[in-house]
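Pasting coords.cif here (mmCIF, C-alpha atoms and all ligand atoms):
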```
data_start
#
loop_
_atom_site.label_atom_id
_atom_site.label_comp_id
_atom_site.auth_asym_id
_atom_site.auth_seq_id
_atom_site.Cartn_x
_atom_site.Cartn_y
_atom_site.Cartn_z
CA MET F 10 14.20 -17.48 27.19
CA ILE F 11 11.27 -17.65 24.82
CA PRO F 12 12.38 -19.03 21.45
CA SER F 13 12.33 -16.24 18.87
CA PRO F 14 11.61 -16.69 15.19
CA THR F 15 15.07 -15.37 14.27
CA ALA F 16 16.07 -18.63 12.60
CA ALA F 17 13.44 -18.23 9.89
CA GLY F 18 15.16 -18.44 6.53
CA ILE F 19 14.02 -19.74 3.17
CA ALA F 20 11.94 -22.40 4.93
CA ARG F 21 9.43 -19.61 5.65
CA ASN F 22 7.66 -17.67 2.91
CA ALA F 23 7.02 -14.91 5.42
CA SER F 24 7.89 -14.46 9.06
CA PRO F 25 7.43 -12.00 11.90
CA TYR F 26 10.54 -10.06 12.87
CA LEU F 27 11.16 -9.16 16.49
CA HIS F 28 13.44 -6.29 17.45
CA GLY F 29 13.97 -7.28 21.06
CA GLY F 30 11.68 -5.05 23.11
CA GLU F 31 8.50 -6.99 22.37
CA GLU F 32 8.80 -9.60 25.14
CA THR F 33 9.32 -7.02 27.91
CA ALA F 34 6.51 -4.87 26.56
CA LEU F 35 4.16 -7.84 26.39
CA CYS F 36 5.06 -8.98 29.93
CA GLN F 37 4.45 -5.46 31.27
CA ALA F 38 1.06 -5.39 29.59
CA LEU F 39 0.24 -8.82 31.03
CA ARG F 40 1.19 -7.70 34.53
CA SER F 41 -0.84 -4.52 34.21
CA GLY F 42 -4.00 -6.61 34.38
CA GLN F 43 -5.70 -4.66 31.60
CA TYR F 44 -6.01 -6.85 28.56
CA GLY F 45 -8.77 -5.20 26.58
CA HIS F 46 -8.67 -1.71 25.11
CA SER F 47 -6.39 0.36 27.33
CA GLU F 48 -4.26 3.48 27.32
CA LEU F 49 -1.65 1.41 25.51
CA THR F 50 -4.07 1.10 22.61
CA ASP F 51 -4.64 4.87 22.65
CA THR F 52 -0.88 5.49 22.70
CA PHE F 53 -0.38 3.10 19.79
CA GLU F 54 -3.05 4.98 17.83
CA HIS F 55 -1.32 8.32 18.48
CA ARG F 56 2.10 7.00 17.51
CA VAL F 57 0.83 5.45 14.28
CA ALA F 58 -1.03 8.66 13.39
CA ARG F 59 2.15 10.66 14.01
CA LEU F 60 4.24 8.31 11.90
CA LEU F 61 1.79 8.51 9.01
CA GLY F 62 1.33 12.26 9.33
CA VAL F 63 -2.44 12.10 9.95
CA GLU F 64 -4.69 13.47 12.69
CA ASP F 65 -6.12 10.24 13.96
CA ALA F 66 -6.01 6.47 13.59
CA VAL F 67 -8.41 3.88 14.98
CA ALA F 68 -6.93 0.59 16.22
CA VAL F 69 -8.94 -2.60 15.72
CA ALA F 70 -8.57 -6.34 16.21
CA SER F 71 -7.35 -7.25 12.72
CA GLY F 72 -6.91 -6.05 9.17
CA THR F 73 -10.12 -7.85 8.25
CA ALA F 74 -11.97 -6.00 11.03
CA ALA F 75 -10.42 -2.74 9.79
CA LEU F 76 -11.86 -3.35 6.32
CA HIS F 77 -15.21 -4.49 7.68
CA LEU F 78 -15.64 -1.43 9.90
CA ALA F 79 -14.28 1.02 7.32
CA LEU F 80 -16.76 -0.35 4.78
CA LEU F 81 -19.61 0.06 7.29
CA ALA F 82 -18.46 3.63 8.01
CA ALA F 83 -18.43 4.27 4.25
CA GLY F 84 -22.07 3.19 4.11
CA ALA F 85 -21.77 -0.39 2.88
CA GLU F 86 -25.03 -2.30 3.35
CA PRO F 87 -27.08 -4.90 1.50
CA GLY F 88 -27.32 -3.76 -2.12
CA THR F 89 -24.10 -1.73 -2.06
CA GLU F 90 -21.70 -2.55 -4.86
CA VAL F 91 -17.99 -2.49 -4.02
CA VAL F 92 -15.53 -2.43 -6.92
CA VAL F 93 -12.57 -4.58 -5.86
CA PRO F 94 -9.77 -6.55 -7.53
CA SER F 95 -10.26 -10.31 -7.48
CA PHE F 96 -6.48 -10.62 -7.08
CA THR F 97 -6.26 -10.20 -3.30
CA TYR F 98 -6.39 -12.19 -0.11
CA CYS F 99 -9.85 -13.62 0.57
CA ALA F 100 -10.05 -11.41 3.70
CA THR F 101 -10.75 -8.37 1.51
CA VAL F 102 -13.79 -10.02 -0.02
CA GLN F 103 -15.05 -11.55 3.23
CA ALA F 104 -15.04 -8.06 4.75
CA ILE F 105 -17.25 -6.81 1.91
CA VAL F 106 -19.62 -9.75 2.21
CA ALA F 107 -19.79 -9.30 6.00
CA THR F 108 -21.45 -5.91 5.52
CA GLY F 109 -24.13 -7.38 3.23
CA ALA F 110 -22.61 -5.52 0.27
CA HIS F 111 -21.37 -7.39 -2.79
CA PRO F 112 -18.13 -7.30 -4.73
CA ARG F 113 -17.86 -6.24 -8.34
CA PHE F 114 -14.59 -7.95 -9.21
CA ILE F 115 -12.21 -6.20 -11.55
CA ASP F 116 -8.98 -7.06 -13.32
CA VAL F 117 -5.51 -5.92 -12.35
CA ASP F 118 -2.45 -4.88 -14.28
CA PRO F 119 -0.38 -8.10 -14.45
CA ASP F 120 2.84 -6.08 -14.19
CA THR F 121 1.90 -4.73 -10.75
CA GLY F 122 -0.92 -6.92 -9.43
CA CYS F 123 -2.82 -3.68 -8.77
CA ILE F 124 -5.83 -1.90 -10.24
CA ASP F 125 -5.49 1.46 -11.97
CA ASP F 126 -7.79 4.38 -12.89
CA GLN F 127 -8.84 2.79 -16.15
CA HIS F 128 -9.89 -0.51 -14.56
CA VAL F 129 -11.95 1.42 -12.03
CA LEU F 130 -13.65 3.81 -14.44
CA GLU F 131 -14.62 0.98 -16.80
CA ALA F 132 -16.17 -1.04 -13.99
CA LEU F 133 -18.37 1.61 -12.33
CA THR F 134 -22.10 1.03 -12.46
CA GLY F 135 -25.03 3.03 -11.13
CA ASN F 136 -24.86 0.92 -7.93
CA THR F 137 -21.17 1.45 -7.17
CA ARG F 138 -20.76 3.21 -3.83
CA ILE F 139 -17.26 2.12 -2.86
CA VAL F 140 -14.00 1.40 -4.67
CA LEU F 141 -11.56 -0.80 -2.78
CA PRO F 142 -8.01 -0.81 -4.19
CA VAL F 143 -5.57 -3.38 -2.79
CA LEU F 144 -1.97 -2.26 -2.44
CA TYR F 145 -0.55 -5.57 -3.61
CA GLY F 146 2.93 -6.24 -2.28
CA GLY F 147 3.01 -2.79 -0.65
CA ARG F 148 2.74 -0.86 -3.90
CA PRO F 149 1.06 2.56 -3.56
CA VAL F 150 -2.07 2.79 -5.74
CA ASP F 151 -2.85 6.22 -7.12
CA LEU F 152 -6.43 6.77 -8.31
CA THR F 153 -6.09 10.56 -8.62
CA ALA F 154 -7.07 10.53 -12.29
CA ALA F 155 -10.35 8.78 -11.46
CA SER F 156 -11.07 10.80 -8.34
CA PRO F 157 -13.12 13.63 -9.96
CA VAL F 158 -15.51 11.01 -11.38
CA LEU F 159 -15.60 9.12 -8.09
CA ALA F 160 -16.27 12.31 -6.14
CA ALA F 161 -19.01 13.43 -8.55
CA ARG F 162 -20.78 10.09 -8.08
CA GLY F 163 -20.36 10.11 -4.30
CA ILE F 164 -18.11 7.04 -4.38
CA THR F 165 -15.80 6.44 -1.41
CA VAL F 166 -12.33 4.93 -1.74
CA VAL F 167 -11.51 2.41 0.99
CA GLU F 168 -7.91 1.23 0.68
CA ASP F 169 -6.77 -2.26 1.60
CA ALA F 170 -3.23 -1.31 2.62
CA ALA F 171 -2.67 -4.53 4.60
CA HIS F 172 0.62 -5.01 2.73
CA ALA F 173 1.60 -1.36 2.66
CA PHE F 174 2.21 -0.08 6.17
CA GLY F 175 5.13 2.32 5.81
CA SER F 176 4.91 2.66 2.01
CA ARG F 177 4.90 6.11 0.47
CA HIS F 178 3.32 7.67 -2.58
CA PRO F 179 5.59 9.19 -5.25
CA SER F 180 4.86 12.55 -3.54
CA ARG F 181 6.61 11.01 -0.46
CA VAL F 182 3.37 11.19 1.52
CA ARG F 183 2.82 7.96 3.45
CA VAL F 184 0.10 5.55 2.35
CA GLY F 185 -2.81 6.43 4.61
CA ALA F 186 -2.21 10.18 4.46
CA THR F 187 -3.87 11.03 1.15
CA GLY F 188 -7.39 11.51 2.48
CA ASP F 189 -8.82 8.08 1.67
CA LEU F 190 -10.20 5.69 4.24
CA THR F 191 -7.15 3.45 4.63
CA CYS F 192 -6.95 0.06 6.36
CA PHE F 193 -3.77 -1.60 7.60
CA SER F 194 -3.11 -5.06 9.00
CA PHE F 195 -0.66 -5.78 11.80
CA GLY F 196 -1.10 -9.54 11.51
CA PRO F 197 1.73 -11.99 12.23
CA ILE F 198 3.67 -11.57 8.99
CA LYS F 199 2.86 -8.02 7.96
CA ASN F 200 5.46 -5.19 7.72
CA LEU F 201 4.72 -4.37 11.35
CA THR F 202 3.11 -6.91 13.64
CA CYS F 203 0.99 -6.68 16.78
CA GLY F 204 0.59 -10.47 16.77
CA GLN F 205 -2.83 -9.64 15.40
CA GLY F 206 -4.29 -6.22 14.80
CA GLY F 207 -5.36 -3.57 12.35
CA MET F 208 -5.67 0.19 11.98
CA ILE F 209 -8.04 2.49 10.13
CA VAL F 210 -7.21 6.04 9.09
CA PRO F 211 -10.52 7.91 9.23
CA ARG F 212 -11.29 10.88 6.97
CA THR F 213 -13.05 13.04 9.54
CA ARG F 214 -13.63 13.30 13.29
CA THR F 215 -17.18 12.10 12.85
CA GLU F 216 -15.96 9.07 10.98
CA ALA F 217 -13.41 8.36 13.74
CA THR F 218 -16.23 8.46 16.30
CA THR F 219 -18.36 6.14 14.18
CA LEU F 220 -15.47 3.69 13.86
CA ARG F 221 -14.77 3.74 17.62
CA ARG F 222 -18.40 2.92 18.33
CA LEU F 223 -18.45 0.19 15.72
CA ARG F 224 -15.37 -1.48 17.24
CA GLY F 225 -16.71 -1.17 20.79
CA LEU F 226 -20.15 -2.85 20.75
CA GLY F 227 -21.89 0.38 19.78
CA VAL F 228 -21.16 2.00 23.13
CA VAL F 229 -21.01 5.80 22.93
CA GLN F 230 -18.64 6.42 25.87
CA SER F 231 -14.92 5.70 25.58
CA PRO F 232 -13.73 2.81 27.78
CA THR F 233 -12.03 5.34 30.12
CA ARG F 234 -15.13 7.53 30.53
CA ARG F 235 -17.35 4.52 30.95
CA ALA F 236 -15.43 3.42 34.03
CA GLU F 237 -16.50 6.67 35.75
CA MET F 238 -20.20 6.36 34.98
CA THR F 239 -23.05 4.41 36.50
CA SER F 240 -24.44 3.56 33.07
CA TYR F 241 -23.54 3.71 29.42
CA THR F 242 -25.32 4.29 26.12
CA VAL F 243 -25.53 1.85 23.22
CA ASP F 244 -26.73 3.81 20.23
CA GLY F 245 -26.36 1.41 17.33
CA PHE F 246 -24.71 -1.63 15.86
CA GLY F 247 -21.27 -2.49 17.15
CA MET F 248 -18.84 -5.34 17.25
CA ARG F 249 -16.23 -6.65 19.65
CA ALA F 250 -13.35 -5.53 17.46
CA GLN F 251 -11.10 -3.39 19.63
CA MET F 252 -7.34 -3.92 19.75
CA PRO F 253 -6.38 -5.61 23.03
CA SER F 254 -3.62 -3.89 24.99
CA LEU F 255 -1.47 -7.02 24.71
CA ASN F 256 -1.38 -6.55 20.94
CA ALA F 257 -0.93 -2.79 21.18
CA ALA F 258 2.11 -3.40 23.43
CA ILE F 259 3.77 -5.49 20.72
CA GLY F 260 2.99 -2.88 18.07
CA LEU F 261 4.35 -0.08 20.24
CA ALA F 262 7.60 -1.99 20.68
CA GLN F 263 7.85 -2.57 16.92
CA LEU F 264 7.02 0.93 15.74
CA PRO F 265 10.31 2.76 16.54
CA HIS F 266 12.14 0.19 14.38
CA LEU F 267 10.03 0.59 11.26
CA HIS F 268 12.75 2.53 9.46
CA LYS F 269 15.07 -0.47 9.82
CA ILE F 270 12.40 -2.75 8.37
CA GLU F 271 11.92 -0.27 5.55
CA THR F 272 15.64 -0.28 4.70
CA ARG F 273 15.96 -4.03 5.10
CA ARG F 274 12.91 -5.03 3.04
CA ARG F 275 13.82 -2.60 0.26
CA SER F 276 17.37 -3.83 0.16
CA LEU F 277 16.27 -7.49 0.06
CA TRP F 278 13.78 -6.75 -2.70
CA ARG F 279 16.49 -5.02 -4.75
CA THR F 280 18.86 -7.93 -4.17
CA TYR F 281 16.19 -10.27 -5.57
CA ALA F 282 15.58 -7.92 -8.51
CA ASP F 283 19.29 -7.88 -9.38
CA ALA F 284 19.71 -11.62 -8.98
CA LEU F 285 16.56 -12.43 -10.99
CA ARG F 286 17.72 -10.32 -13.94
CA THR F 287 19.80 -13.25 -15.19
CA VAL F 288 17.03 -15.83 -14.78
CA ASP F 289 15.21 -16.70 -18.00
CA GLY F 290 11.48 -17.30 -17.97
CA ILE F 291 10.39 -15.04 -15.10
CA THR F 292 9.02 -11.52 -14.84
CA LEU F 293 9.22 -9.65 -11.56
CA VAL F 294 5.95 -8.07 -10.38
CA ASP F 295 6.81 -4.40 -9.99
CA VAL F 296 6.25 -2.96 -6.52
CA ASP F 297 7.53 0.61 -7.13
CA ILE F 298 10.53 -0.05 -4.91
CA ASP F 299 11.55 3.60 -4.62
CA HIS F 300 8.32 4.28 -2.72
CA ALA F 301 7.01 0.99 -1.39
CA LEU F 302 7.92 -0.73 1.82
CA PRO F 303 7.69 -4.08 0.05
CA HIS F 304 5.73 -6.92 1.59
CA LEU F 305 6.08 -9.53 -1.16
CA CYS F 306 8.53 -10.46 -3.86
CA ALA F 307 6.35 -11.95 -6.60
CA VAL F 308 7.26 -13.24 -10.03
CA ARG F 309 5.31 -14.54 -12.99
CA VAL F 310 6.33 -17.75 -14.76
CA ASP F 311 4.69 -19.60 -17.66
CA SER F 312 1.44 -21.03 -16.39
CA ASP F 313 2.24 -24.58 -17.54
CA ARG F 314 5.53 -24.48 -15.60
CA ARG F 315 4.25 -22.79 -12.46
CA ASP F 316 3.01 -25.85 -10.57
CA PRO F 317 6.07 -28.04 -11.33
CA VAL F 318 8.39 -25.17 -10.31
CA PHE F 319 6.37 -24.69 -7.12
CA SER F 320 6.57 -28.40 -6.22
CA ARG F 321 10.25 -28.67 -6.99
CA LEU F 322 11.16 -25.68 -4.85
CA ARG F 323 8.91 -26.82 -2.00
CA GLY F 324 10.61 -30.23 -2.25
CA ARG F 325 13.94 -28.48 -1.80
CA GLY F 326 12.83 -26.71 1.36
CA ILE F 327 12.12 -23.36 -0.26
CA ALA F 328 8.85 -21.90 0.97
CA ILE F 329 7.48 -20.65 -2.29
CA GLY F 330 3.94 -19.22 -2.27
CA THR F 331 1.13 -18.31 -4.67
CA HIS F 332 -0.35 -15.02 -3.46
CA TYR F 333 -3.17 -15.10 -4.54
CA PRO F 334 -5.59 -17.57 -6.09
CA PRO F 335 -8.24 -15.26 -7.61
CA ASN F 336 -11.35 -14.72 -5.52
CA HIS F 337 -13.90 -14.68 -8.33
CA LEU F 338 -13.08 -18.37 -8.88
CA GLN F 339 -13.69 -19.31 -5.23
CA PRO F 340 -16.88 -21.28 -4.49
CA ALA F 341 -17.94 -18.73 -1.87
CA PHE F 342 -17.77 -15.82 -4.29
CA ARG F 343 -18.77 -17.54 -7.54
CA ARG F 344 -22.10 -15.74 -7.73
CA TRP F 345 -20.16 -12.56 -8.42
CA HIS F 346 -17.98 -14.19 -11.07
CA ARG F 347 -17.08 -12.15 -14.17
CA ALA F 348 -14.54 -13.03 -16.82
CA LEU F 349 -11.26 -11.46 -15.69
CA PRO F 350 -8.63 -12.65 -18.17
CA SER F 351 -5.58 -10.86 -16.71
CA THR F 352 -6.38 -11.99 -13.19
CA GLU F 353 -7.03 -15.58 -14.26
CA GLN F 354 -3.69 -15.68 -16.09
CA LEU F 355 -1.89 -14.04 -13.21
CA GLY F 356 -3.42 -16.53 -10.77
CA ARG F 357 -1.91 -19.36 -12.85
CA LYS F 358 1.49 -17.66 -13.19
CA ILE F 359 2.18 -16.11 -9.82
CA LEU F 360 4.90 -17.32 -7.48
CA THR F 361 5.91 -15.49 -4.33
CA LEU F 362 9.46 -15.99 -3.16
CA PRO F 363 10.48 -16.25 0.51
CA PHE F 364 10.50 -12.65 1.68
CA HIS F 365 10.99 -11.39 5.23
CA PRO F 366 13.63 -9.44 7.17
CA HIS F 367 15.44 -12.58 8.44
CA LEU F 368 16.62 -13.41 4.91
CA THR F 369 20.26 -12.97 4.03
CA GLU F 370 21.80 -12.10 0.68
CA GLN F 371 23.04 -15.73 0.52
CA ASP F 372 19.47 -16.97 1.02
CA ILE F 373 18.36 -14.88 -1.94
CA ASP F 374 21.23 -16.15 -4.03
CA HIS F 375 20.24 -19.72 -3.15
CA VAL F 376 16.53 -19.17 -3.92
CA THR F 377 17.39 -17.53 -7.25
CA THR F 378 19.74 -20.35 -8.24
CA GLU F 379 17.20 -23.00 -7.30
CA LEU F 380 14.48 -21.13 -9.17
CA ALA F 381 16.66 -21.00 -12.28
CA HIS F 382 17.33 -24.76 -12.01
CA ALA F 383 13.66 -25.50 -11.52
CA LEU F 384 12.81 -23.46 -14.61
CA GLU F 385 15.45 -25.27 -16.66
CA ALA F 386 14.18 -28.64 -15.44
CA THR F 387 10.64 -27.82 -16.59
CA ARG F 388 11.50 -26.36 -19.95
C1 LIG F 401 -3.49 -9.79 5.76
C2 LIG F 401 -4.44 -9.21 4.79
C3 LIG F 401 -5.74 -8.79 5.15
C4 LIG F 401 -6.34 -9.09 6.48
O1 LIG F 401 -5.60 -8.73 7.56
P1 LIG F 401 -5.71 -9.59 8.92
O2 LIG F 401 -4.98 -8.73 9.90
O3 LIG F 401 -5.02 -10.89 8.63
O4 LIG F 401 -7.14 -9.76 9.25
C5 LIG F 401 -6.51 -8.16 4.22
N1 LIG F 401 -6.06 -7.94 2.97
C6 LIG F 401 -4.85 -8.36 2.56
C7 LIG F 401 -4.42 -8.07 1.16
C8 LIG F 401 -4.01 -9.02 3.45
O5 LIG F 401 -2.82 -9.47 3.04
#
```
Now, as a test, write the supplied structure out as structure tokens.
Ligand SMILES: *Cc1c(COP(=O)(O)O)cnc(C)c1O
Amino acid sequence: MIPSPTAAGIARNASPYLHGGEETALCQALRSGQYGHSELTDTFEHRVARLLGVEDAVAVASGTAALHLALLAAGAEPGTEVVVPSFTYCATVQAIVATGAHPRFIDVDPDTGCIDDQHVLEALTGNTRIVLPVLYGGRPVDLTAASPVLAARGITVVEDAAHAFGSRHPSRVRVGATGDLTCFSFGPIKNLTCGQGGMIVPRTRTEATTLRRLRGLGVVQSPTRRAEMTSYTVDGFGMRAQMPSLNAAIGLAQLPHLHKIETRRRSLWRTYADALRTVDGITLVDVDIDHALPHLCAVRVDSDRRDPVFSRLRGRGIAIGTHYPPNHLQPAFRRWHRALPSTEQLGRKILTLPFHPHLTEQDIDHVTTELAHALEATR
């Protein structure tokens, strides 16, 4: 019996959750002898598209690859300016830089960790070609109010929905089904895992074709067609970024259980929200729990108490996190630094509590109690 990560409790900030069918599915894929892109990958694409309510979805090797390829498909190249929150995982920014484009960092709303229409409209310049909202914690981001301006200027929205697989918009439409170019991650600790993997929702058939060539070394023919031909055509740039069948097999086994993850993560988030109501000195980052499939449970604490609280909880075996240190302050991205007061404050205040489907209500009670003690001790 392969050990499963079911024991993960508060000692993990995040953890994959296995439903039981993953091992068999993975073994079958291993025995099939086809480890690269296979029909399993195609099936996974179809099932994800059906779940989201979209025509097509393009599976890739990771969330970072999804962003990289989506940005390329949206025309990112050297000189392109991409408006993006600094408050995100560094993967978002590395994907921009990988295309030769550059980030124009913008502030977020500290109550949500997300950008809004106003932030975007204020930041646009004559060079902006792409706006990249990050759905922090799984929260749907609605840029409808800005979209006439974006459309008039020919600006594409590429969504980083790495946290938000399964989330819905207030209209009940799933994230990914609103017509933007949406990128998901199926990395180890995301709402759904393939071990490693990502998915792009393309806007058109042409875009889907472009993305499939970009992920497959620029080869025009699909892997299946190619096997029947004596040659193949490479018609442009391409990367080795397809989703291996081994990963697709894990994702396929996870997918039918997403509704359970949705219920579980929402319920855990609400349990935290209720428990934290009585804790002085913290503010919960709002994830829009009625619509989100939450990926994080983040709170803000006074910046001068954040680090001592972090250390104390870590010392007590509670895997507290700080998602995320702002990117505009990172050495690699310093050349694109702008003053972003809300983000800088948020970066000093943020704490992410252990949050994954293995948690129990008692775990949450324990974390909340310890957090309250740590706050009292640092007053
Ligand atoms: C996980 C993550 C990514 C990258 O996804 P990978 O699958 O790890 O490459 C990008 N953006 C955000 C916000 C993420 O959390």
Practice task
Find the spatial neighbours of stretch 101-109 of chain F, counting all atoms listed in the file, within a cut-off of 7 Å - ignore same-chain residues fewer than 6 positions away - and output them as a list in words.
Solution key: Thr73, Leu76, His77, Leu81, Ala85, Glu86 and Pro87 of chain F
Exercise for the section: Go through the chains and note each residue within 6 Å of ligand LIG 401 (chain F), using all atoms listed in the file, then give the set as an MDAnalysis selection string. Expected result: chainID F and resid 71:73 97:98 100:101 169 171:172 194:196 205:207
Specify the axis-aligned box that encloses all atoms of stretch 359-372 of chain F listed in the file after padding of 3 Å on each side, stating its centre and edge lengths in Å to one decimal as JSON.
```
{"center_x": 12.6, "center_y": -13.4, "center_z": -0.7, "size_x": 26.9, "size_y": 13.9, "size_z": 24.3}
```
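Neighbouring residues of F:Ser95 at 6 Å or closer, counting all atoms listed in the file and skipping chain neighbours under 2 positions away, are F:Thr97, F:Phe114, F:Pro335, F:Asn336, F:His337.
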Practice task
Pick out the residues sitting within 8 Å of F:Arg309, and hand them over as a list in words; count only C-alpha atoms, and ignore anything fewer than 4 positions along from it in its own chain.
Solution key: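 Within the cut-off, the hits are Ile291, Thr292, Leu293, Val294, Leu355, Lys358, Ile359 and Leu360 of chain F.
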Exercise for the section: Rounded to one decimal place, report the atom CA of F:Arg183-atom CA of F:Ala301 distance in Å. Expected result: 9.5 Å
Cut-off 12 Å around (-3.8, -13.8, -12.4) with all atoms listed in the file: residues as an mmCIF file with C-alpha atoms, in the frame of the given file:
```
data_model
loop_
_atom_site.group_PDB
_atom_site.id
_atom_site.type_symbol
_atom_site.label_atom_id
_atom_site.label_comp_id
_atom_site.auth_asym_id
_atom_site.auth_seq_id
_atom_site.Cartn_x
_atom_site.Cartn_y
_atom_site.Cartn_z
ATOM 1 C CA PRO F 94 -9.770 -6.550 -7.530
ATOM 2 C CA SER F 95 -10.260 -10.310 -7.480
ATOM 3 C CA PHE F 96 -6.480 -10.620 -7.080
ATOM 4 C CA THR F 97 -6.260 -10.200 -3.300
ATOM 5 C CA ILE F 115 -12.210 -6.200 -11.550
ATOM 6 C CA ASP F 116 -8.980 -7.060 -13.320
ATOM 7 C CA VAL F 117 -5.510 -5.920 -12.350
ATOM 8 C CA ASP F 118 -2.450 -4.880 -14.280
ATOM 9 C CA PRO F 119 -0.380 -8.100 -14.450
ATOM 10 C CA ASP F 120 2.840 -6.080 -14.190
ATOM 11 C CA THR F 121 1.900 -4.730 -10.750
ATOM 12 C CA GLY F 122 -0.920 -6.920 -9.430
ATOM 13 C CA CYS F 123 -2.820 -3.680 -8.770
ATOM 14 C CA VAL F 294 5.950 -8.070 -10.380
ATOM 15 C CA ALA F 307 6.350 -11.950 -6.600
ATOM 16 C CA VAL F 308 7.260 -13.240 -10.030
ATOM 17 C CA ARG F 309 5.310 -14.540 -12.990
ATOM 18 C CA VAL F 310 6.330 -17.750 -14.760
ATOM 19 C CA ASP F 311 4.690 -19.600 -17.660
ATOM 20 C CA SER F 312 1.440 -21.030 -16.390
ATOM 21 C CA THR F 331 1.130 -18.310 -4.670
ATOM 22 C CA HIS F 332 -0.350 -15.020 -3.460
ATOM 23 C CA TYR F 333 -3.170 -15.100 -4.540
ATOM 24 C CA PRO F 334 -5.590 -17.570 -6.090
ATOM 25 C CA PRO F 335 -8.240 -15.260 -7.610
ATOM 26 C CA ASN F 336 -11.350 -14.720 -5.520
ATOM 27 C CA HIS F 337 -13.900 -14.680 -8.330
ATOM 28 C CA LEU F 338 -13.080 -18.370 -8.880
ATOM 29 C CA ALA F 348 -14.540 -13.030 -16.820
ATOM 30 C CA LEU F 349 -11.260 -11.460 -15.690
ATOM 31 C CA PRO F 350 -8.630 -12.650 -18.170
ATOM 32 C CA SER F 351 -5.580 -10.860 -16.710
ATOM 33 C CA THR F 352 -6.380 -11.990 -13.190
ATOM 34 C CA GLU F 353 -7.030 -15.580 -14.260
ATOM 35 C CA GLN F 354 -3.690 -15.680 -16.090
ATOM 36 C CA LEU F 355 -1.890 -14.040 -13.210
ATOM 37 C CA GLY F 356 -3.420 -16.530 -10.770
ATOM 38 C CA ARG F 357 -1.910 -19.360 -12.850
ATOM 39 C CA LYS F 358 1.490 -17.660 -13.190
ATOM 40 C CA ILE F 359 2.180 -16.110 -9.820
ATOM 41 C CA LEU F 360 4.900 -17.320 -7.480
#
```
Exercise for the section: Mind giving me the straight-line distance from atom CA of F:Val229 to atom CA of F:Ala79 in Å, one decimal? Expected result: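 Atom-to-atom, atom CA of F:Val229 to atom CA of F:Ala79, that is 17.7 Å.
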Practice task
For atom CA of F:Gly147 and atom CA of F:Pro303, quote the distance in Å rounded to one decimal.
Solution key: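 We find that atom CA of F:Gly147 and atom CA of F:Pro303 lie 4.9 Å from each other.
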Practice task
Excluding stretch 16-23 of chain F and residues on its chain fewer than 6 positions from it, collect all residues at most 12 Å away from it, counting all atoms listed in the file, and give them as a VMD selection string.
Solution key: chain F and resid 196 to 200 274 304 to 307 322 to 332 360 to 377 379
Practice task
Extract, using all atoms listed in the file, all DNA, RNA and protein residues at most 6 Å from stretch 42-56 of chain F, discarding same-chain residues fewer than 3 positions from it, and format them as number ranges by chain.
Solution key: F: 39, 59, 66, 252-255, 257, 261
Mind writing the picked residues with C-alpha atoms as a compact mmCIF listing (two decimals), keeping the file's coordinate frame?
```txt
# COMPACT_ATOMS: atom_id res chain seq x y z
CA LEU F 39 0.24 -8.82 31.03
CA ARG F 59 2.15 10.66 14.01
CA ALA F 66 -6.01 6.47 13.59
CA MET F 252 -7.34 -3.92 19.75
CA PRO F 253 -6.38 -5.61 23.03
CA SER F 254 -3.62 -3.89 24.99
CA LEU F 255 -1.47 -7.02 24.71
CA ALA F 257 -0.93 -2.79 21.18
CA LEU F 261 4.35 -0.08 20.24
```
Exercise for the section: Select, from F:Thr89, F:Thr287, F:Thr242, F:Thr215, the residue with the minimum atom-to-atom distance to F:Asn136, counting all atoms listed in the file. Expected result: F:Thr89
Handout entry: Using only C-alpha atoms: which of F:Ala75, F:Cys36, F:Leu285, F:Ile209 has the shortest distance to F:Ala250
Key = F:Ala75
Completion exercise
Nearest to F:Ala341, restricted to only C-alpha atoms and choosing among F:Ala110, F:Val150, F:Val57, F:Cys99, comes out as F:Cys99
